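Report on the structure given below.
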Amino acid sequence: MIESYGTAIRTAFEYILETYPESFVIGQGLWSPWYVGNSMTDLDKRFGIERVIDTPVAESACTGVAIGAALAGMKPIVVHPRMDFALYAMDAIVNQAAKWSHMTGGQAHPSVTVRTIINRGGEQGAQHSQSLHSWFSHVPGLRVVMPSTVSDARDLLIASVLSQDPVIYIDDRWLYEQEADIPAITEVDLRSIGPAVVKPGSDVTVVGSSFSTLLAQQAAELLAEDGINAEVVDLRVLNPFNPEVVVASARKTRNLIVVDGSWASCGFSAEVIASVCESLQPGELATSPQRITLPAAPAPTSGVLEATYYPTAQTVAEAARKMLG
Amino acid sequence: MHWELDSAFPTKRNLGLGTSLCSRKPIWRGNWRYVVYCNSPNPMTLGSLAEPTAHQEPLDLAGHDSQVLIDAFTSMMRIRLVEQKLARMRQVGAIGGPVHLGVGQEAVAVGVSHHLRSSDRVFGAHRSHSHALALGASVEGLFAEVLGRDTGLSRGMGGSMHLWDQPNGFYGSVPIVAGTVPLAVGAGLAAKMQKSGDVAVSYLGDGAVEEGVVHESFNLASQLGIPVIFVVENNLFASHMHISLRQPSNSTARFAEANAIQYAVVDGNDVTAVSAAAEELIGRARNGQGPGFIEALTFRWYGHVDWREDVDVGVHRAPDDLENWRRRDPLSRLLESLISNDCWTAADAQQLQDSLLIEIDAAWAVAELAPYPASEALLDRVYYQDSNHGIST
């Protein structure tokens with residue numbers, strides 16, 4: 001069936017709410033079409049406002065509520081329509097959800113999904129633009145999922161809800177219009193999901209996640225015009241991170257570029273490059289690994305500055321050309 | 001908007017749960033308030049409840065089942081002796097990590113827990129030994145946990161500040177102040193969705209109500225009609241700071257009023273008063289009438305952490321006050337009343353103490369010999385270990 005990234009998320013919600021009576025959704029804006037794009041349209045009408053709960057302005061408590069409900073046997077999904085606001089919920093996510101299994105000796109585990117949305121551009125400025133997946137990926141106990149493809153947007157959301165562990169599921173509004181013909185739903189075990197090669201190549205490995213995977217793929221097309229055959233790896237699951245696919249690809253192409261939608265400092269691109277360097281022998285890479293990230297500044301408001309702030313497919317292609325000299 | 005006083009609410013209530021009563025006088029006490037909504041021009045204060053020299057008298061046991069009271073005394077004494085053991089063991093260095101002791105506060109957990117069942121969902125905080133023990137947690141399991149042993153309540157992974165005993169209804173305690181308050185609301189929401197008639201309980205302190213998430217949680221619980229009981233153990237101190245240095249009023253129940261949550265303010269050193277409030281509010285919550293709030297005024301005899309009294313480091317923690325609060329002892333007051341009502345004798349109490357001390361020493365001895373978690377536990381318990389991991393097919 002043809003789905004867009006946004007409608008695929010909605011399909012996942014529909015499947016979860018229909019199949020698992022213990023599931024429910026809680027968060028701000030769930031009864032409003034403009035908070036969550038087309039990704040949750042009319043779910044409240046179909047499943048009732050007691051299972052699709054639009055809430056007071058209380059990110060912190062809503063996230064804690066979802067965790068507590070999970071400990072009591074439910075499968076909650078808490079939605080933060082903008083990741084910036086999820087910062088209010090960091091205690092619930094980092095201190096409570098992430099650590100519950102470990103500090104109770106593995107006897108209890110909140111099976112909770114925290115869906116946060118990256119929503120930036122359009123002169124929204126510093127507090128409506130952030131991509132903080134690197135923070136969440138720093139924390140043992142959280143699973144961090146960043147779908148890039150339409151099918152992953154649907155199937156990895158379902159896998160996140162079915163996971164027995166707390167999952168941060170991050171989708172990106174800049175991907176909502178992507179369309180694909182995808183197969184029927186299959187439930188997958190999130191623990192079996194990891195980075196995957198989405199476009200094979202031989203000259204340079206370009207690693208991305210979520211929207212930056214799209215940039216990598218577009219860059220690969222530009223590079224193909226120059227006779228450069230790039231391999232694109234989509235990270236999909238950032239925590240716990242399994243670097244094997246990236247390492248194998250880098251060993252093969254001997255050149256590595258990581259594109260990441262967050263900042264460089266302690267960012268996920270650094271984790272990918274470090275993991276590869278730790279696994280390869282000196283000399284296995286022909287060139288120094290490069291990362292393409294946001295400049296070390298908050299997101300600007302002015303459209304002129306925004307245009308220089310966000311990397312594009314051209315930025316990525318240019319870096320590859322330069323690397324391959 | 002105006003909420004009417006619940007007409008079904010009794011102004012006097014006989015708490016007797018059986019037929020063996022000490023006497024049949026009504027027991028309603030002056031230091032109990034039950035307000036749905038009041039438009040008082042005066043800020044709420046605790047009045048004499050916060051006075052260390054007040055309420056030192058024995059309890060009025062009229063209308064109470066003597067066996068229930070003796071059971072409550074037994075539970076309170078077990079908690080006290082366990083915590084005193086922990087204090088000594090921490091002092092001599094046998095315990096590696098901090099212990100936050102609640103000696104002097106035993107009546108709160110015991111009074112509340114009397115009305116709970118194992119399918120209820122109770123959450124605590126850093127000072128939660130009493131909360132777990134009052135629900136029936138194993139003393140040996142608690143000791144083993146404090147000692148970081150694999151046989152502990154949290155399999156040696158939590159220590160004193162991260163207790164877990166879900167089979168008895170204790171969902172967990174953590175030391176992030178207010179961290180579990182929204183979790184309790186969520187467990188209550190789950191109970192509502194599951195139509196189980198269970199309630200959640202959130203134990204928090206007067207310091208926790210200064211955290212923002214607590215107010216979000218009150219509002220959510222009220223708006224969604226969630227069966228959760230907030231039990232504020234107001235011991236007048238957050239760590240070293242007296243409440244007068246932290247809040248404009250010493251009564252935290254003003255936040256229940258602000259959120260239209262039914263509440264009671266009681267002498268937390270009177271187990272009958274706590275029990276009466278808990279019975280009413282838990283009953284309402286089970287019947288789908290939404291959240292409740294109990295403010296129980298009490299005092300801890302030790303300092304914020306470990307065995308010291310901390311009169312030197314406490315701001316407004318005067319030795320005289322501590323002495324007076326010791327006279328307002330929830331155990332002595334109940335015991336005196338039991339004896340004067342001919343329900344029990346001093347010899348009975350001595351015998352109980354002797355047998356509890358034997359039980360506690362034996363539990364400690366077993367806990368001390370238990371193994372530590374295997375080294376694999378460090379990584380194996382980060383994520384849940386389960387073969388099918390929720391996949392339905």
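Residues in the structure tokens are named by chain (A, B, ... in the order shown) and by number from 1 within that chain; ligands are numbered from 1 in the order shown.
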
- Item | Who sits within 12 Å of Arg300 (chain B), only C-alpha atoms, same chain under 3 positions skipped, as a ChimeraX atom specification | /B:52,80,83,100-108,127,205,233-240,268-269,297,303-311,317,321-326,328-330

Next, dump the selected residues to file, keeping only N, CA and C atoms, as a tab-separated table (two decimals), in the first residue's frame.
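Once everything was written out, this is result06.tsv:
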chain	number	residue	atom	x	y	z
B	52	PRO	N	5.27	21.27	68.71
B	52	PRO	CA	5.89	20.08	69.30
B	52	PRO	C	5.31	19.73	70.67
B	80	ARG	N	10.03	0.43	63.73
B	80	ARG	CA	10.96	1.22	64.54
B	80	ARG	C	12.22	0.41	64.87
B	83	GLU	N	14.45	0.05	61.89
B	83	GLU	CA	15.19	1.27	61.54
B	83	GLU	C	16.27	1.57	62.59
B	100	HIS	N	18.05	6.69	55.02
B	100	HIS	CA	17.18	7.79	55.46
B	100	HIS	C	16.12	7.18	56.37
B	101	LEU	N	16.22	7.47	57.65
B	101	LEU	CA	15.40	6.77	58.63
B	101	LEU	C	14.18	7.61	59.01
B	102	GLY	N	13.10	6.90	59.25
B	102	GLY	CA	11.84	7.58	59.56
B	102	GLY	C	11.35	7.30	60.96
B	103	VAL	N	12.27	7.02	61.87
B	103	VAL	CA	11.86	6.74	63.25
B	103	VAL	C	11.06	7.95	63.78
B	104	GLY	N	9.90	7.67	64.33
B	104	GLY	CA	8.99	8.74	64.77
B	104	GLY	C	7.82	8.92	63.81
B	105	GLN	N	7.94	8.38	62.60
B	105	GLN	CA	6.90	8.60	61.57
B	105	GLN	C	6.10	7.32	61.27
B	106	GLU	N	6.25	6.31	62.11
B	106	GLU	CA	5.72	4.98	61.77
B	106	GLU	C	4.20	4.94	61.58
B	107	ALA	N	3.49	5.82	62.29
B	107	ALA	CA	2.02	5.73	62.27
B	107	ALA	C	1.44	6.04	60.90
B	108	VAL	N	2.16	6.80	60.10
B	108	VAL	CA	1.59	7.20	58.81
B	108	VAL	C	1.43	5.99	57.89
B	127	ARG	N	12.80	8.03	51.92
B	127	ARG	CA	12.61	7.59	53.31
B	127	ARG	C	11.43	6.62	53.33
B	205	GLY	N	6.89	14.07	50.72
B	205	GLY	CA	7.14	14.89	51.90
B	205	GLY	C	6.79	16.34	51.67
B	233	GLU	N	3.75	13.16	54.12
B	233	GLU	CA	4.31	13.04	55.47
B	233	GLU	C	5.00	14.37	55.74
B	234	ASN	N	4.28	15.26	56.36
B	234	ASN	CA	4.85	16.58	56.64
B	234	ASN	C	5.60	16.50	57.96
B	235	ASN	N	6.94	16.37	57.86
B	235	ASN	CA	7.75	16.33	59.08
B	235	ASN	C	8.45	17.67	59.31
B	236	LEU	N	7.97	18.67	58.60
B	236	LEU	CA	8.40	20.07	58.79
B	236	LEU	C	9.81	20.36	58.28
B	237	PHE	N	10.50	19.31	57.82
B	237	PHE	CA	11.87	19.54	57.35
B	237	PHE	C	12.08	18.94	55.96
B	238	ALA	N	12.78	19.65	55.11
B	238	ALA	CA	13.33	19.09	53.89
B	238	ALA	C	14.84	19.11	54.10
B	239	SER	N	15.41	17.93	54.22
B	239	SER	CA	16.82	17.83	54.60
B	239	SER	C	17.02	18.62	55.89
B	240	HIS	N	17.73	19.72	55.87
B	240	HIS	CA	18.05	20.49	57.08
B	240	HIS	C	17.15	21.71	57.27
B	268	GLY	N	-0.21	13.00	62.29
B	268	GLY	CA	0.45	11.82	61.73
B	268	GLY	C	1.06	10.92	62.78
B	269	ASN	N	1.06	11.36	64.03
B	269	ASN	CA	1.55	10.51	65.11
B	269	ASN	C	0.40	9.84	65.87
B	297	LEU	N	0.85	15.21	59.82
B	297	LEU	CA	1.92	15.96	60.50
B	297	LEU	C	2.71	15.02	61.39
B	303	GLY	N	18.31	12.79	61.96
B	303	GLY	CA	18.48	13.85	60.97
B	303	GLY	C	18.05	13.37	59.59
B	304	HIS	N	18.39	14.15	58.58
B	304	HIS	CA	17.95	13.81	57.23
B	304	HIS	C	18.45	12.43	56.81
B	305	VAL	N	19.70	12.13	57.13
B	305	VAL	CA	20.26	10.86	56.66
B	305	VAL	C	21.16	10.27	57.75
B	306	ASP	N	21.07	8.95	57.86
B	306	ASP	CA	21.88	8.17	58.80
B	306	ASP	C	21.45	8.38	60.26
B	307	TRP	N	22.32	8.05	61.18
B	307	TRP	CA	21.90	7.84	62.57
B	307	TRP	C	21.96	9.09	63.44
B	308	ARG	N	22.52	10.18	62.95
B	308	ARG	CA	22.70	11.34	63.83
B	308	ARG	C	21.40	12.13	64.00
B	309	GLU	N	21.33	12.86	65.09
B	309	GLU	CA	20.11	13.66	65.32
B	309	GLU	C	20.14	14.97	64.55
B	310	ASP	N	21.32	15.42	64.19
B	310	ASP	CA	21.45	16.61	63.33
B	310	ASP	C	20.84	17.87	63.92
B	311	VAL	N	20.85	18.01	65.25
B	311	VAL	CA	20.34	19.27	65.78
B	311	VAL	C	21.31	20.41	65.47
B	317	ARG	N	16.07	23.32	63.89
B	317	ARG	CA	15.85	22.00	64.49
B	317	ARG	C	16.44	22.04	65.90
B	321	ASP	N	12.69	21.01	70.72
B	321	ASP	CA	11.64	20.53	69.82
B	321	ASP	C	11.75	19.02	69.65
B	322	LEU	N	12.96	18.57	69.43
B	322	LEU	CA	13.17	17.14	69.24
B	322	LEU	C	12.68	16.38	70.47
B	323	GLU	N	13.01	16.89	71.64
B	323	GLU	CA	12.59	16.25	72.89
B	323	GLU	C	11.07	16.20	72.98
B	324	ASN	N	10.43	17.29	72.62
B	324	ASN	CA	8.97	17.31	72.68
B	324	ASN	C	8.34	16.37	71.66
B	325	TRP	N	8.94	16.31	70.49
B	325	TRP	CA	8.40	15.40	69.49
B	325	TRP	C	8.59	13.94	69.93
B	326	ARG	N	9.65	13.68	70.65
B	326	ARG	CA	9.82	12.32	71.18
B	326	ARG	C	8.69	11.99	72.17
B	328	ARG	N	5.78	13.08	71.82
B	328	ARG	CA	4.58	12.91	70.99
B	328	ARG	C	4.70	11.61	70.18
B	329	ASP	N	5.43	10.70	70.70
B	329	ASP	CA	5.76	9.41	70.06
B	329	ASP	C	4.50	8.63	69.67
B	330	PRO	N	4.38	8.28	68.41
B	330	PRO	CA	3.19	7.53	67.99
B	330	PRO	C	3.07	6.17	68.66

May I ask you to extract the residues of chain A within 6 Å of chain B, using only C-alpha atoms, and to give them as a short mmCIF file (atom, residue, chain, number, x, y, z; two decimals) with C-alpha atoms, in the first residue's frame?
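result.cif, freshly written:
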data_model
loop_
_atom_site.label_atom_id
_atom_site.label_comp_id
_atom_site.auth_asym_id
_atom_site.auth_seq_id
_atom_site.Cartn_x
_atom_site.Cartn_y
_atom_site.Cartn_z
CA ALA A 58 2.30 19.10 31.84
CA ALA A 61 3.80 14.59 34.83
CA GLY A 64 5.73 10.05 34.58
CA VAL A 65 2.10 9.00 34.33
CA ALA A 66 2.89 6.92 31.25
CA ILE A 67 5.80 5.26 33.06
CA GLY A 68 3.68 4.49 36.11
CA ALA A 69 0.91 3.08 33.92
CA ALA A 72 1.04 -1.34 36.18
CA HIS A 102 18.39 -2.03 36.69
CA MET A 103 17.59 -0.61 40.10
CA THR A 104 14.85 -3.14 40.78
CA GLY A 105 17.14 -6.00 39.84
CA GLY A 106 15.33 -6.66 36.57
CA GLY A 141 18.39 1.59 29.67
CA LEU A 162 5.76 -3.89 22.04
CA SER A 163 9.25 -3.55 23.51
CA GLN A 164 9.41 -4.33 27.20
#

- DSSP on the backbone, then: every residue of region 334-365 of chain B marked alpha helix (DSSP H), written as number ranges by chain. B: 334-340, 346-365

List the neighbours of Ile292 (chain A) out to 8 Å using only C-alpha atoms; skip same-chain residues closer than 4 positions along the sequence, and give me the result as a CSV table (one decimal) with C-alpha atoms, in the first residue's frame.
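And here's around_31.csv as it stands now:
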chain,number,residue,atom,x,y,z
A,257,ILE,CA,31.2,10.4,6.5
A,258,VAL,CA,28.6,10.7,9.2
A,259,VAL,CA,25.7,13.1,8.7
A,260,ASP,CA,23.8,13.9,11.9
A,264,ALA,CA,29.1,17.8,16.8
A,269,SER,CA,28.3,11.4,14.8
A,311,PRO,CA,23.2,20.8,6.0
A,316,VAL,CA,27.2,16.1,2.0

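Going from CA of Gly197 (chain B) over to CA of Gly283 (chain B), you cover 9.7 Å.
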